[in-house]
Amino acid sequence: MIFDVEGGCFSYPSGDGVLNDVSFSVEEGDVMAILGPNGAGKTTLLRCMMGLLPWRTGCSRLDGRDIRELSAGELWRKVAYVPQAKGMAFSYSAEEMVLLGRSAYVSTIGQPSKADLASARMAMEIVGISYLRDKPCCRMSGGELQMVLIARALAAEPELLVLDEPESNLDYRNQLIVLDVIEKLARERGICSIFNTHYPAHALRIATKSLLMDGCGHASFGDSKSIINEEAMRSSFSVNVRIDRINVDSDVFDLVVPLHVV
Ligand SMILES: Nc1ncnc2c1ncn2[C@@H]1O[C@H](COP(=O)(O)OP(=O)(O)OP(=O)(O)O)[C@@H](O)[C@H]1O
């Protein structure tokens, strides 16, 4: 699987250009982080790249084919979207919610098959939430719901997962669990993920590639360790940062410390 965007430009009818000539490419096993200040266009980019908003110029391609040429079924069998886990009014149980991820495979009048149920249960096992099977989504914590939404996306057996700020609103433990799941899916199953984040340290922790937006619609793309540097962070966020590394036992961690506003 190769997913790429070439020369993507977009502006809302109301205003200025939000995205100017954005290009990137990811493939099986990659994890890509999208970083940038508030309002830089991260969510807009996610929506444009999946075809939910129309590129003014440029295109998104899946395995070399412009996604506008693909049927909805062809696209959504390969790409799954994980929205932000903001409280949910649905009284569906976790299992029912995860089964919705099979909708690309179930006809509108059909019932989920045994294979659909098996896929849903496997997805819950992969993200470690089998114990939540019967819990109603409306009574879940943000962390539990985030994992259910990731499992729902996985139930579709996608090749590309697109996640909108998957670690926002989560405590330290749940942040690490979500990051570990994304990293493990890439490493063990080759599932590529693209995620928006406000945490550069998270990008350095799990993202092979990063796209850093500058607030004027432009973006730099490349290996995370080369893209996320002190100068680029200062230029993009107008904040001085210190990036350092620490060794803990045999692991190396990148620290990104915001120092002060420029
Ligand atoms: N539906 C819309 N109509 C018009 N302008 C919009 C719309 N949605 C977003 N915008 C504008 O587009 C710009 C980019 O918004 P977007 O939500 O993509 O930024 P973001 O980087 O995801 O921000 P944040 O980090 O705050 O979530 C902002 O100036 C925003 O006000």
# chains A, B, ... in the order shown; residues from 1 in each chain; ligands from 1

call {"tool": "residues_near_ligand", "arguments": {"ligand": "ligand 1", "cutoff": "7 Å", "atoms": "only C-alpha atoms and all ligand atoms", "output": "list in words"}}
result
Tyr12, Pro13, Ser14, Gly15, Val18, Gly36, Pro37, Asn38, Gly39, Ala40, Gly41, Lys42, Thr43, Thr44 and Leu45 of chain A

call {"tool": "residues_around", "arguments": {"residues": "Trp76 of chain A", "least_positions_apart": "2", "cutoff": "12 Å", "atoms": "only C-alpha atoms", "output": "list in words"}}
result
Met50, Gly51, Leu52, Leu62, Ile67, Leu70, Ser71, Ala72, Gly73, Glu74, Lys78, Val79, Ala80, Tyr81, Gly101, Arg102, Ser103, Ala104, Tyr105, Ala153, Leu154, Ala155, Ala156, Glu157, Pro158, Glu159, Leu160, Leu161 and Val162 of chain A

call {"tool": "write_last_selection", "arguments": {"atoms": "N, CA, C and O atoms", "output": "short mmCIF file (atom, residue, chain, number, x, y, z; two decimals), in the first residue's frame"}}
result
data_model
loop_
_atom_site.label_atom_id
_atom_site.label_comp_id
_atom_site.auth_asym_id
_atom_site.auth_seq_id
_atom_site.Cartn_x
_atom_site.Cartn_y
_atom_site.Cartn_z
N MET A 50 -8.61 12.39 2.55
CA MET A 50 -9.53 11.24 2.42
C MET A 50 -10.67 11.52 1.45
O MET A 50 -11.56 10.70 1.29
N GLY A 51 -10.68 12.73 0.87
CA GLY A 51 -11.73 13.05 -0.12
C GLY A 51 -13.01 13.55 0.52
O GLY A 51 -14.03 13.67 -0.16
N LEU A 52 -12.98 13.86 1.82
CA LEU A 52 -14.19 14.37 2.48
C LEU A 52 -14.35 15.86 2.20
O LEU A 52 -15.43 16.41 2.35
N LEU A 62 -4.14 6.39 -3.86
CA LEU A 62 -3.98 5.14 -3.14
C LEU A 62 -3.44 4.13 -4.15
O LEU A 62 -4.08 3.89 -5.18
N ILE A 67 -7.88 8.96 -5.65
CA ILE A 67 -8.99 8.37 -4.90
C ILE A 67 -10.35 8.82 -5.43
O ILE A 67 -11.37 8.18 -5.15
N LEU A 70 -11.96 6.07 -7.27
CA LEU A 70 -12.33 4.85 -6.54
C LEU A 70 -13.78 4.95 -6.08
O LEU A 70 -14.26 6.03 -5.74
N SER A 71 -14.47 3.80 -6.03
CA SER A 71 -15.81 3.80 -5.44
C SER A 71 -15.64 3.93 -3.92
O SER A 71 -14.55 3.68 -3.37
N ALA A 72 -16.75 4.31 -3.25
CA ALA A 72 -16.69 4.45 -1.79
C ALA A 72 -16.25 3.12 -1.17
O ALA A 72 -15.43 3.09 -0.25
N GLY A 73 -16.77 2.02 -1.70
CA GLY A 73 -16.42 0.70 -1.15
C GLY A 73 -14.93 0.42 -1.29
O GLY A 73 -14.28 -0.06 -0.36
N GLU A 74 -14.38 0.73 -2.47
CA GLU A 74 -12.95 0.47 -2.71
C GLU A 74 -12.09 1.29 -1.75
O GLU A 74 -11.09 0.80 -1.23
N LYS A 78 -10.06 0.04 2.44
CA LYS A 78 -8.62 0.15 2.66
C LYS A 78 -8.26 1.24 3.66
O LYS A 78 -7.19 1.20 4.27
N VAL A 79 -9.14 2.24 3.79
CA VAL A 79 -8.84 3.38 4.66
C VAL A 79 -9.88 3.44 5.77
O VAL A 79 -11.07 3.30 5.50
N ALA A 80 -9.44 3.60 7.01
CA ALA A 80 -10.39 3.73 8.12
C ALA A 80 -10.06 4.98 8.91
O ALA A 80 -8.89 5.32 9.10
N TYR A 81 -11.09 5.66 9.34
CA TYR A 81 -10.95 6.95 10.02
C TYR A 81 -11.34 6.81 11.48
O TYR A 81 -12.39 6.24 11.79
N GLY A 101 -17.78 -1.14 12.29
CA GLY A 101 -16.61 -1.06 11.43
C GLY A 101 -16.67 -2.04 10.28
O GLY A 101 -15.92 -1.91 9.30
N ARG A 102 -17.55 -3.03 10.38
CA ARG A 102 -17.68 -4.02 9.30
C ARG A 102 -18.66 -3.56 8.23
O ARG A 102 -18.95 -4.31 7.31
N SER A 103 -19.21 -2.34 8.36
CA SER A 103 -20.30 -1.95 7.46
C SER A 103 -19.89 -1.94 5.99
O SER A 103 -20.72 -2.12 5.12
N ALA A 104 -18.58 -1.76 5.72
CA ALA A 104 -18.15 -1.78 4.31
C ALA A 104 -18.32 -3.20 3.73
O ALA A 104 -18.31 -3.38 2.52
N TYR A 105 -18.49 -4.20 4.62
CA TYR A 105 -18.59 -5.58 4.15
C TYR A 105 -20.02 -6.14 4.26
O TYR A 105 -20.31 -7.22 3.79
N ALA A 153 -12.29 0.91 13.77
CA ALA A 153 -11.56 1.13 12.51
C ALA A 153 -10.81 -0.13 12.10
O ALA A 153 -10.81 -0.51 10.92
N LEU A 154 -10.22 -0.81 13.07
CA LEU A 154 -9.45 -2.03 12.75
C LEU A 154 -10.33 -3.17 12.25
O LEU A 154 -9.88 -4.00 11.46
N ALA A 155 -11.58 -3.19 12.73
CA ALA A 155 -12.50 -4.27 12.32
C ALA A 155 -12.71 -4.26 10.81
O ALA A 155 -13.06 -5.27 10.21
N ALA A 156 -12.49 -3.10 10.21
CA ALA A 156 -12.64 -3.01 8.75
C ALA A 156 -11.43 -3.59 8.02
O ALA A 156 -11.39 -3.62 6.80
N GLU A 157 -10.44 -4.04 8.80
CA GLU A 157 -9.19 -4.59 8.25
C GLU A 157 -8.56 -3.64 7.23
O GLU A 157 -8.31 -4.01 6.07
N PRO A 158 -8.32 -2.38 7.67
CA PRO A 158 -7.80 -1.38 6.74
C PRO A 158 -6.30 -1.55 6.50
O PRO A 158 -5.61 -2.21 7.27
N GLU A 159 -5.84 -0.88 5.45
CA GLU A 159 -4.39 -0.80 5.23
C GLU A 159 -3.85 0.54 5.71
O GLU A 159 -2.67 0.68 5.97
N LEU A 160 -4.76 1.52 5.82
CA LEU A 160 -4.38 2.85 6.28
C LEU A 160 -5.37 3.33 7.34
O LEU A 160 -6.59 3.33 7.10
N LEU A 161 -4.83 3.68 8.51
CA LEU A 161 -5.66 4.24 9.59
C LEU A 161 -5.38 5.73 9.66
O LEU A 161 -4.22 6.15 9.69
N VAL A 162 -6.43 6.54 9.70
CA VAL A 162 -6.28 7.98 9.83
C VAL A 162 -6.93 8.38 11.15
O VAL A 162 -8.11 8.11 11.37
#

call {"tool": "residues_around", "arguments": {"residues": "segment 132-148 of chain A", "least_positions_apart": "4", "cutoff": "10 Å", "atoms": "only C-alpha atoms", "output": "NGL selection string"}}
result
:A and (82-98 or 121 or 123-124 or 127-128 or 152-154 or 166-171 or 173-175 or 177-178 or 181)

call {"tool": "residues_around", "arguments": {"residues": "Asp223 of chain A", "least_positions_apart": "3", "cutoff": "7 Å", "atoms": "only C-alpha atoms", "output": "list in words"}}
result
Thr208, Lys209, Ser210, Ser226 and Ile227 of chain A

call {"tool": "residues_around", "arguments": {"residues": "segment 250-254 of chain A", "least_positions_apart": "6", "cutoff": "9 Å", "atoms": "only C-alpha atoms", "output": "ChimeraX atom specification"}}
result
/A:201-202,204-205,243-244

call {"tool": "select_by_dssp", "arguments": {"residues": "segment 157-261 of chain A", "states": "helix (DSSP H, G or I)", "output": "tab-separated table (two decimals) with N, CA and C atoms, in the first residue's frame"}}
result
chain	number	residue	atom	x	y	z
A	172	TYR	N	-1.78	10.03	30.99
A	172	TYR	CA	-0.49	9.50	30.54
A	172	TYR	C	-0.56	8.03	30.13
A	173	ARG	N	-1.21	7.25	30.97
A	173	ARG	CA	-1.24	5.81	30.73
A	173	ARG	C	-1.97	5.51	29.41
A	174	ASN	N	-3.16	6.12	29.27
A	174	ASN	CA	-3.93	5.86	28.05
A	174	ASN	C	-3.26	6.42	26.81
A	175	GLN	N	-2.53	7.54	26.97
A	175	GLN	CA	-1.76	8.06	25.82
A	175	GLN	C	-0.76	7.01	25.35
A	176	LEU	N	-0.04	6.44	26.31
A	176	LEU	CA	0.97	5.45	25.93
A	176	LEU	C	0.34	4.20	25.33
A	177	ILE	N	-0.82	3.81	25.87
A	177	ILE	CA	-1.49	2.62	25.33
A	177	ILE	C	-1.88	2.87	23.86
A	178	VAL	N	-2.44	4.05	23.59
A	178	VAL	CA	-2.84	4.37	22.21
A	178	VAL	C	-1.62	4.41	21.29
A	179	LEU	N	-0.55	5.08	21.75
A	179	LEU	CA	0.67	5.17	20.92
A	179	LEU	C	1.25	3.78	20.67
A	180	ASP	N	1.26	2.95	21.72
A	180	ASP	CA	1.79	1.59	21.57
A	180	ASP	C	0.98	0.78	20.55
A	181	VAL	N	-0.35	0.95	20.60
A	181	VAL	CA	-1.20	0.20	19.65
A	181	VAL	C	-0.89	0.63	18.22
A	182	ILE	N	-0.78	1.94	17.99
A	182	ILE	CA	-0.50	2.44	16.63
A	182	ILE	C	0.85	1.89	16.14
A	183	GLU	N	1.84	1.95	17.03
A	183	GLU	CA	3.19	1.50	16.65
A	183	GLU	C	3.22	-0.01	16.39
A	184	LYS	N	2.50	-0.75	17.24
A	184	LYS	CA	2.48	-2.21	17.11
A	184	LYS	C	1.74	-2.64	15.83
A	185	LEU	N	0.67	-1.93	15.50
A	185	LEU	CA	-0.07	-2.27	14.27
A	185	LEU	C	0.83	-2.10	13.05
A	186	ALA	N	1.66	-1.05	13.08
A	186	ALA	CA	2.57	-0.81	11.95
A	186	ALA	C	3.65	-1.89	11.91
A	187	ARG	N	4.23	-2.16	13.07
A	187	ARG	CA	5.38	-3.08	13.13
A	187	ARG	C	4.96	-4.52	12.85
A	188	GLU	N	3.86	-4.96	13.47
A	188	GLU	CA	3.49	-6.37	13.36
A	188	GLU	C	2.57	-6.68	12.18
A	189	ARG	N	1.75	-5.69	11.79
A	189	ARG	CA	0.76	-5.98	10.73
A	189	ARG	C	0.94	-5.11	9.50
A	200	PRO	N	4.81	16.89	19.94
A	200	PRO	CA	5.98	16.51	19.12
A	200	PRO	C	6.72	15.31	19.68
A	201	ALA	N	6.74	15.16	21.00
A	201	ALA	CA	7.44	14.00	21.58
A	201	ALA	C	6.77	12.69	21.16
A	202	HIS	N	5.45	12.73	20.96
A	202	HIS	CA	4.75	11.52	20.52
A	202	HIS	C	5.14	11.18	19.08
A	203	ALA	N	5.30	12.23	18.28
A	203	ALA	CA	5.74	12.00	16.90
A	203	ALA	C	7.12	11.37	16.91
A	204	LEU	N	8.03	11.94	17.73
A	204	LEU	CA	9.39	11.39	17.77
A	204	LEU	C	9.40	9.97	18.33
A	205	ARG	N	8.43	9.66	19.16
A	205	ARG	CA	8.38	8.33	19.78
A	205	ARG	C	7.97	7.23	18.80
A	206	ILE	N	6.92	7.52	17.98
A	206	ILE	CA	6.41	6.41	17.13
A	206	ILE	C	6.37	6.71	15.63
A	224	SER	N	10.88	11.91	10.77
A	224	SER	CA	10.51	12.69	11.95
A	224	SER	C	11.72	13.37	12.58
A	225	LYS	N	12.83	12.63	12.68
A	225	LYS	CA	13.97	13.17	13.40
A	225	LYS	C	14.61	14.35	12.66
A	226	SER	N	14.44	14.41	11.36
A	226	SER	CA	14.99	15.58	10.66
A	226	SER	C	13.98	16.72	10.62
A	227	ILE	N	12.70	16.40	10.55
A	227	ILE	CA	11.68	17.46	10.45
A	227	ILE	C	11.48	18.17	11.79
A	230	GLU	N	14.78	21.98	16.63
A	230	GLU	CA	14.49	23.18	17.43
A	230	GLU	C	14.15	24.38	16.54
A	231	GLU	N	14.90	24.54	15.44
A	231	GLU	CA	14.67	25.69	14.58
A	231	GLU	C	13.30	25.63	13.90
A	232	ALA	N	12.97	24.43	13.40
A	232	ALA	CA	11.69	24.28	12.70
A	232	ALA	C	10.52	24.46	13.68
A	233	MET	N	10.68	23.97	14.91
A	233	MET	CA	9.62	24.13	15.90
A	233	MET	C	9.42	25.60	16.26
A	234	ARG	N	10.53	26.32	16.37
A	234	ARG	CA	10.45	27.75	16.68
A	234	ARG	C	9.74	28.49	15.54
A	235	SER	N	10.11	28.14	14.33
A	235	SER	CA	9.53	28.83	13.19
A	235	SER	C	8.03	28.50	13.05
A	236	SER	N	7.66	27.26	13.30
A	236	SER	CA	6.28	26.86	13.12
A	236	SER	C	5.37	27.33	14.26
A	237	PHE	N	5.85	27.17	15.50
A	237	PHE	CA	4.99	27.44	16.67
A	237	PHE	C	5.29	28.78	17.36

call {"tool": "select_by_dssp", "arguments": {"residues": "segment 120-172 of chain A", "states": "strand (DSSP E or B)", "output": "list in words"}}
result
Pro136, Leu160, Leu161, Val162 and Leu163 of chain A

call {"tool": "closest_residue", "arguments": {"among": "A:Gly217, A:Gly58, A:Pro112, A:Gly64", "to": "Gly7 of chain A", "atoms": "only C-alpha atoms"}}
result
A:Gly58

call {"tool": "residues_around", "arguments": {"residues": "Val26 of chain A", "least_positions_apart": "5", "cutoff": "7 Å", "atoms": "only C-alpha atoms", "output": "compact mmCIF listing (two decimals) with N, CA and C atoms, in the first residue's frame"}}
result
# COMPACT_ATOMS: atom_id res chain seq x y z
N ILE A 2 0.60 2.13 -0.93
CA ILE A 2 1.25 3.45 -0.93
C ILE A 2 0.15 4.50 -1.00
N PHE A 3 0.20 5.46 -0.08
CA PHE A 3 -0.76 6.55 -0.11
C PHE A 3 0.02 7.85 -0.25
N ASP A 4 -0.34 8.66 -1.23
CA ASP A 4 0.38 9.92 -1.35
C ASP A 4 -0.54 11.06 -1.74

call {"tool": "residues_around", "arguments": {"residues": "Ala207 of chain A", "least_positions_apart": "6", "cutoff": "6 Å", "atoms": "only C-alpha atoms", "output": "PyMOL selection string"}}
result
chain A and resi 31-33

call {"tool": "write_last_selection", "arguments": {"atoms": "N, CA, C and O atoms", "output": "mmCIF file, in the first residue's frame"}}
result
data_model
loop_
_atom_site.group_PDB
_atom_site.id
_atom_site.type_symbol
_atom_site.label_atom_id
_atom_site.label_comp_id
_atom_site.auth_asym_id
_atom_site.auth_seq_id
_atom_site.Cartn_x
_atom_site.Cartn_y
_atom_site.Cartn_z
ATOM 1 N N VAL A 31 4.340 5.133 10.107
ATOM 2 C CA VAL A 31 3.468 5.936 10.963
ATOM 3 C C VAL A 31 3.845 7.383 10.676
ATOM 4 O O VAL A 31 5.019 7.733 10.693
ATOM 5 N N MET A 32 2.839 8.201 10.368
ATOM 6 C CA MET A 32 3.121 9.603 10.043
ATOM 7 C C MET A 32 2.359 10.528 10.987
ATOM 8 O O MET A 32 1.157 10.347 11.205
ATOM 9 N N ALA A 33 3.071 11.502 11.556
ATOM 10 C CA ALA A 33 2.448 12.490 12.437
ATOM 11 C C ALA A 33 2.283 13.797 11.682
ATOM 12 O O ALA A 33 3.163 14.188 10.915
#

call {"tool": "closest_residue", "arguments": {"among": "A:Val5, A:Ile126, A:Val261, A:Leu212", "to": "Arg65 of chain A", "atoms": "only C-alpha atoms"}}
result
A:Val5

call {"tool": "atom_distance", "arguments": {"atom1": "atom CA of Ser23 of chain A", "atom2": "atom CA of Asn240 of chain A"}}
result
26.6 Å

call {"tool": "closest_residue", "arguments": {"among": "A:Leu35, A:Thr57, A:Ala151, A:Asn196", "to": "Leu100 of chain A", "atoms": "only C-alpha atoms"}}
result
A:Ala151

call {"tool": "closest_residue", "arguments": {"among": "A:Gly222, A:Gly215, A:Gly190, A:Pro258", "to": "Met1 of chain A", "atoms": "only C-alpha atoms"}}
result
A:Gly190

call {"tool": "atom_distance", "arguments": {"atom1": "atom CA of Asn229 of chain A", "atom2": "atom CA of Val257 of chain A"}}
result
11.7 Å
